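As stored in upload11.txt (compact mmCIF, C-alpha atoms):
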# COMPACT_ATOMS: atom_id res chain seq x y z
CA MET L 1 12.93 8.97 16.49
CA GLY L 2 14.42 6.29 18.61
CA GLN L 3 17.66 4.46 18.22
CA LYS L 4 18.89 1.72 15.94
CA ILE L 5 17.76 -1.67 17.13
CA GLY L 6 19.61 -4.94 17.23
CA THR L 7 19.09 -7.84 14.87
CA GLU L 8 16.94 -9.80 17.33
CA LYS L 9 14.55 -6.92 17.97
CA ALA L 10 14.40 -6.11 14.24
CA GLU L 11 13.50 -9.74 13.58
CA ALA L 12 10.72 -9.59 16.18
CA VAL L 13 9.32 -6.37 14.67
CA PHE L 14 9.60 -7.85 11.18
CA ARG L 15 7.77 -11.03 12.19
CA ARG L 16 5.00 -9.00 13.83
CA TYR L 17 4.42 -6.69 10.87
CA ALA L 18 5.55 -8.71 7.83
CA ASP L 19 2.00 -9.64 6.79
CA MET L 20 0.82 -6.05 7.02
CA ILE L 21 3.83 -4.76 5.07
CA TYR L 22 3.26 -7.38 2.36
CA ARG L 23 -0.46 -6.55 2.12
CA VAL L 24 0.22 -2.82 1.80
CA ALA L 25 2.86 -3.46 -0.87
CA LEU L 26 0.63 -5.90 -2.77
CA HIS L 27 -2.23 -3.45 -2.58
CA ASN L 28 -0.09 -0.67 -4.03
CA LEU L 29 1.75 -2.68 -6.69
CA ASP L 30 -0.67 -5.50 -7.58
CA ASP L 31 2.25 -7.87 -8.17
CA PRO L 32 3.30 -10.53 -5.63
CA ALA L 33 6.93 -10.52 -6.81
CA ASP L 34 7.21 -6.75 -6.41
CA ALA L 35 5.50 -6.98 -3.02
CA ASP L 36 8.14 -9.53 -1.95
CA ASP L 37 10.88 -7.12 -3.05
CA ILE L 38 9.33 -4.28 -1.07
CA LEU L 39 9.06 -6.55 1.97
CA GLN L 40 12.80 -7.21 1.74
CA GLU L 41 13.58 -3.52 1.33
CA VAL L 42 11.52 -2.61 4.39
CA CYS L 43 13.36 -5.34 6.32
CA LEU L 44 16.66 -3.68 5.37
CA VAL L 45 15.31 -0.33 6.56
CA LEU L 46 14.43 -1.98 9.88
CA LEU L 47 18.06 -3.01 10.26
CA THR L 48 19.65 0.26 9.18
CA LYS L 49 17.41 3.13 10.32
CA LYS L 50 16.38 4.51 13.66
CA LEU L 51 12.86 3.41 14.53
CA PRO L 52 10.14 5.16 16.51
CA GLU L 53 10.04 3.96 20.09
CA GLU L 54 6.26 3.84 20.56
CA GLU L 55 4.37 0.86 19.14
CA GLU L 56 1.63 3.00 17.55
CA HIS L 57 4.18 5.16 15.75
CA LEU L 58 6.18 2.12 14.66
CA LYS L 59 3.23 0.63 12.77
CA SER L 60 2.37 3.89 11.00
CA TRP L 61 6.08 4.46 10.26
CA LEU L 62 6.32 1.02 8.67
CA ILE L 63 3.24 1.73 6.52
CA ARG L 64 4.73 5.06 5.45
CA VAL L 65 8.08 3.43 4.56
CA THR L 66 6.27 0.70 2.61
CA ILE L 67 4.16 3.18 0.64
CA ASN L 68 7.26 5.26 -0.13
CA LYS L 69 9.19 2.19 -1.33
CA CYS L 70 6.22 1.25 -3.54
CA ARG L 71 6.17 4.73 -5.03
CA ASP L 72 9.90 4.56 -5.69
CA LEU L 73 9.47 1.25 -7.48
CA SER L 74 6.49 2.52 -9.48
CA ARG L 75 8.48 5.54 -10.63
CA SER L 76 11.52 3.53 -11.65
CA PHE L 77 12.46 3.47 -15.33
CA TRP L 78 12.24 -0.29 -15.55
CA ARG L 79 8.76 -0.43 -14.05
CA ARG L 80 7.40 2.33 -16.28
CA ASN L 81 8.80 0.78 -19.47
CA ARG L 82 7.92 -2.87 -19.10
CA LYS L 83 4.91 -4.58 -20.60
CA SER L 84 2.84 -7.29 -19.06
CA ILE L 85 2.63 -10.67 -20.71
CA ASP L 86 -1.14 -10.18 -20.62
CA ASP L 87 -0.69 -7.48 -23.28
CA TYR L 88 0.45 -10.15 -25.74
CA GLU L 89 -2.36 -12.62 -25.32
CA GLU L 90 -4.70 -12.68 -28.27
CA LEU L 91 -7.68 -14.18 -26.50
CA LYS L 92 -8.57 -13.11 -23.03
CA ALA L 93 -11.26 -14.72 -20.95
CA GLU L 94 -13.54 -12.29 -19.17
CA LYS L 95 -13.21 -12.36 -15.44
CA PRO L 96 -16.07 -11.78 -13.05
CA PRO L 97 -15.79 -8.41 -11.34
CA GLU L 98 -13.91 -8.51 -8.06
CA ILE L 99 -13.65 -5.73 -5.56
CA MET L 100 -9.84 -5.84 -5.45
CA ALA L 101 -9.63 -5.54 -9.24
CA GLU L 102 -11.92 -2.52 -9.07
CA LEU L 103 -9.82 -1.04 -6.27
CA GLN L 104 -6.75 -1.26 -8.49
CA SER L 105 -8.45 0.94 -11.08
CA LEU L 106 -8.67 3.81 -8.57
CA SER L 107 -5.90 6.39 -8.34
CA GLU L 108 -3.08 5.68 -5.89
CA SER L 109 -4.25 8.20 -3.30
CA TYR L 110 -7.81 6.84 -3.30
CA ARG L 111 -6.54 3.24 -3.14
CA ASN L 112 -4.39 4.01 -0.11
CA ILE L 113 -7.19 5.86 1.69
CA ILE L 114 -9.70 3.02 1.08
CA TYR L 115 -7.16 0.37 2.04
CA LEU L 116 -6.09 2.05 5.26
CA TYR L 117 -9.69 2.83 6.24
CA TYR L 118 -11.31 -0.54 5.54
CA TYR L 119 -8.49 -3.09 5.75
CA GLU L 120 -6.13 -1.63 8.35
CA GLU L 121 -9.03 0.05 10.23
CA TYR L 122 -7.42 3.45 10.65
CA THR L 123 -9.60 6.45 11.43
CA VAL L 124 -9.82 9.40 9.06
CA SER L 125 -7.62 11.53 11.29
CA GLU L 126 -5.01 8.76 11.57
CA ILE L 127 -4.98 8.35 7.79
CA ALA L 128 -4.55 12.10 7.38
CA GLN L 129 -1.58 12.05 9.71
CA LEU L 130 -0.10 8.94 8.10
CA LEU L 131 -0.41 10.22 4.52
CA ARG L 132 0.42 13.81 5.50
CA MET L 133 -2.89 15.14 4.24
CA ASN L 134 -5.56 17.42 5.60
CA VAL L 135 -8.40 15.60 7.42
CA ASN L 136 -10.96 17.12 5.05
CA THR L 137 -8.91 15.98 2.06
CA VAL L 138 -9.02 12.42 3.38
CA LYS L 139 -12.77 12.66 3.99
CA SER L 140 -13.44 13.93 0.48
CA GLY L 141 -11.03 11.34 -0.96
CA LEU L 142 -12.89 8.60 0.90
CA ARG L 143 -16.24 9.86 -0.39
CA ARG L 144 -14.97 10.17 -3.97
CA ALA L 145 -13.36 6.74 -3.87
CA ARG L 146 -16.61 5.20 -2.62
CA ASP L 147 -18.52 6.97 -5.40
CA GLN L 148 -16.08 5.73 -8.04
CA LEU L 149 -16.21 2.18 -6.67
CA LYS L 150 -19.99 2.25 -6.65
CA LYS L 151 -20.03 3.41 -10.26
CA LEU L 152 -17.47 0.76 -11.31
CA LEU L 153 -19.29 -2.04 -9.53
CA THR L 154 -22.72 -1.12 -10.89
CA GLU L 155 -21.32 -0.88 -14.45
CA ALA L 156 -19.76 -4.33 -14.08
CA GLU L 157 -23.12 -5.93 -13.28
Would you put the structure from the file into structure tokens?
Amino acid sequence: MGQKIGTEKAEAVFRRYADMIYRVALHNLDDPADADDILQEVCLVLLTKKLPEEEEHLKSWLIRVTINKCRDLSRSFWRRNRKSIDDYEELKAEKPPEIMAELQSLSESYRNIIYLYYYEEYTVSEIAQLLRMNVNTVKSGLRRARDQLKKLLTEAE
């Protein structure tokens, strides 16, 4: 790890990666307000922690921090025990199937693998390193996620 960075450099890093951090958080939490909170928490980490010096490691480190913050929020008591306002609606209009809605129905590990592979354009080996998984585990997770998505999308039609 490198050293703590100053406010100006942290701001530059934050500006460069804020969109990516927000997308990863939104992808994991499916709630814009929670994604905003995670974005703020990652910004605080930028100011208080030692960052990797290399640009390539910095991006993967930020993704890892974001995913960990999302997991922490998902595991929190408040998050597990709240109910959506959608649960109280008596009449719900059917929505046309969307790929992002189908992605949200996948397990967290499959969602992250698919997201990193297709949206952030990481290779299988990079994803394995980033998520601390075996390369073959990522490959099989990618295959299983594709199979599940295919099944979900063909059922929706």
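CA of Glu54 (chain L) to CA of Val135 (chain L) spans 22.9 Å [interatomic distance, one decimal].
Atom pair CA of Thr66 (chain L) / CA of Asp19 (chain L) has a distance of 11.9 Å (rounded to one decimal).
With only C-alpha atoms as the atoms that count, the residue of L:Ala12, L:Val65, L:Leu51, L:Leu58 with the shortest distance to Val24 (chain L) is L:Val65.
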So that all listed atoms of region 31-45 of chain L fit with 5 Å spare on each side, what axis-aligned box centre and edge lengths in Å, to one decimal, would you give as JSON?
{"center_x": 9.5, "center_y": -5.4, "center_z": -0.8, "size_x": 24.4, "size_y": 20.2, "size_z": 24.7}
Top pick for closest residue to Glu11 (chain L), considering L:Asp37, L:Asp31, L:Arg144, L:Leu46 and counting all atoms listed in the file: L:Leu46
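Among L:Lys151, L:Tyr119, L:Glu55, L:Ser74, the residue with the shortest atom-to-atom distance to Met20 (chain L), counting all atoms listed in the file, is L:Tyr119.
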Rebuild region 49-74 of chain L to N, CA and C atoms - output it as a short mmCIF file (atom, residue, chain, number, x, y, z; two decimals), in the frame of the given file, please.
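out_29.cif written:
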data_model
loop_
_atom_site.label_atom_id
_atom_site.label_comp_id
_atom_site.auth_asym_id
_atom_site.auth_seq_id
_atom_site.Cartn_x
_atom_site.Cartn_y
_atom_site.Cartn_z
N LYS L 49 17.91 1.81 9.91
CA LYS L 49 17.41 3.13 10.32
C LYS L 49 17.01 3.15 11.78
N LYS L 50 16.89 4.34 12.30
CA LYS L 50 16.38 4.51 13.66
C LYS L 50 14.86 4.42 13.61
N LEU L 51 14.30 3.65 14.52
CA LEU L 51 12.86 3.41 14.53
C LEU L 51 12.17 4.21 15.63
N PRO L 52 10.90 4.51 15.43
CA PRO L 52 10.14 5.16 16.51
C PRO L 52 10.05 4.21 17.71
N GLU L 53 10.04 4.78 18.88
CA GLU L 53 10.04 3.96 20.09
C GLU L 53 8.66 3.43 20.44
N GLU L 54 7.62 4.24 20.19
CA GLU L 54 6.26 3.84 20.56
C GLU L 54 5.69 2.89 19.52
N GLU L 55 4.95 1.89 20.00
CA GLU L 55 4.37 0.86 19.14
C GLU L 55 3.43 1.44 18.08
N GLU L 56 2.59 2.38 18.48
CA GLU L 56 1.63 3.00 17.55
C GLU L 56 2.36 3.72 16.42
N HIS L 57 3.42 4.43 16.75
CA HIS L 57 4.18 5.16 15.75
C HIS L 57 4.98 4.21 14.87
N LEU L 58 5.42 3.10 15.43
CA LEU L 58 6.18 2.12 14.66
C LEU L 58 5.34 1.56 13.52
N LYS L 59 4.10 1.20 13.80
CA LYS L 59 3.23 0.63 12.77
C LYS L 59 2.97 1.65 11.66
N SER L 60 2.63 2.87 12.02
CA SER L 60 2.37 3.89 11.00
C SER L 60 3.65 4.23 10.24
N TRP L 61 4.79 4.21 10.92
CA TRP L 61 6.08 4.46 10.26
C TRP L 61 6.37 3.37 9.23
N LEU L 62 6.10 2.12 9.60
CA LEU L 62 6.32 1.02 8.67
C LEU L 62 5.41 1.13 7.45
N ILE L 63 4.16 1.53 7.65
CA ILE L 63 3.24 1.73 6.52
C ILE L 63 3.76 2.85 5.63
N ARG L 64 4.21 3.93 6.22
CA ARG L 64 4.73 5.06 5.45
C ARG L 64 5.95 4.64 4.64
N VAL L 65 6.88 3.90 5.26
CA VAL L 65 8.08 3.43 4.56
C VAL L 65 7.68 2.51 3.41
N THR L 66 6.72 1.62 3.65
CA THR L 66 6.27 0.70 2.61
C THR L 66 5.66 1.44 1.44
N ILE L 67 4.79 2.40 1.72
CA ILE L 67 4.16 3.18 0.64
C ILE L 67 5.22 3.95 -0.14
N ASN L 68 6.20 4.53 0.56
CA ASN L 68 7.26 5.26 -0.13
C ASN L 68 8.11 4.34 -1.01
N LYS L 69 8.42 3.16 -0.52
CA LYS L 69 9.19 2.19 -1.33
C LYS L 69 8.39 1.76 -2.56
N CYS L 70 7.08 1.59 -2.40
CA CYS L 70 6.22 1.25 -3.54
C CYS L 70 6.21 2.36 -4.57
N ARG L 71 6.14 3.59 -4.10
CA ARG L 71 6.17 4.73 -5.03
C ARG L 71 7.50 4.78 -5.77
N ASP L 72 8.59 4.56 -5.04
CA ASP L 72 9.90 4.56 -5.69
C ASP L 72 9.97 3.50 -6.79
N LEU L 73 9.46 2.32 -6.49
CA LEU L 73 9.47 1.25 -7.48
C LEU L 73 8.58 1.59 -8.67
N SER L 74 7.42 2.16 -8.40
CA SER L 74 6.49 2.52 -9.48
C SER L 74 7.07 3.59 -10.39
#
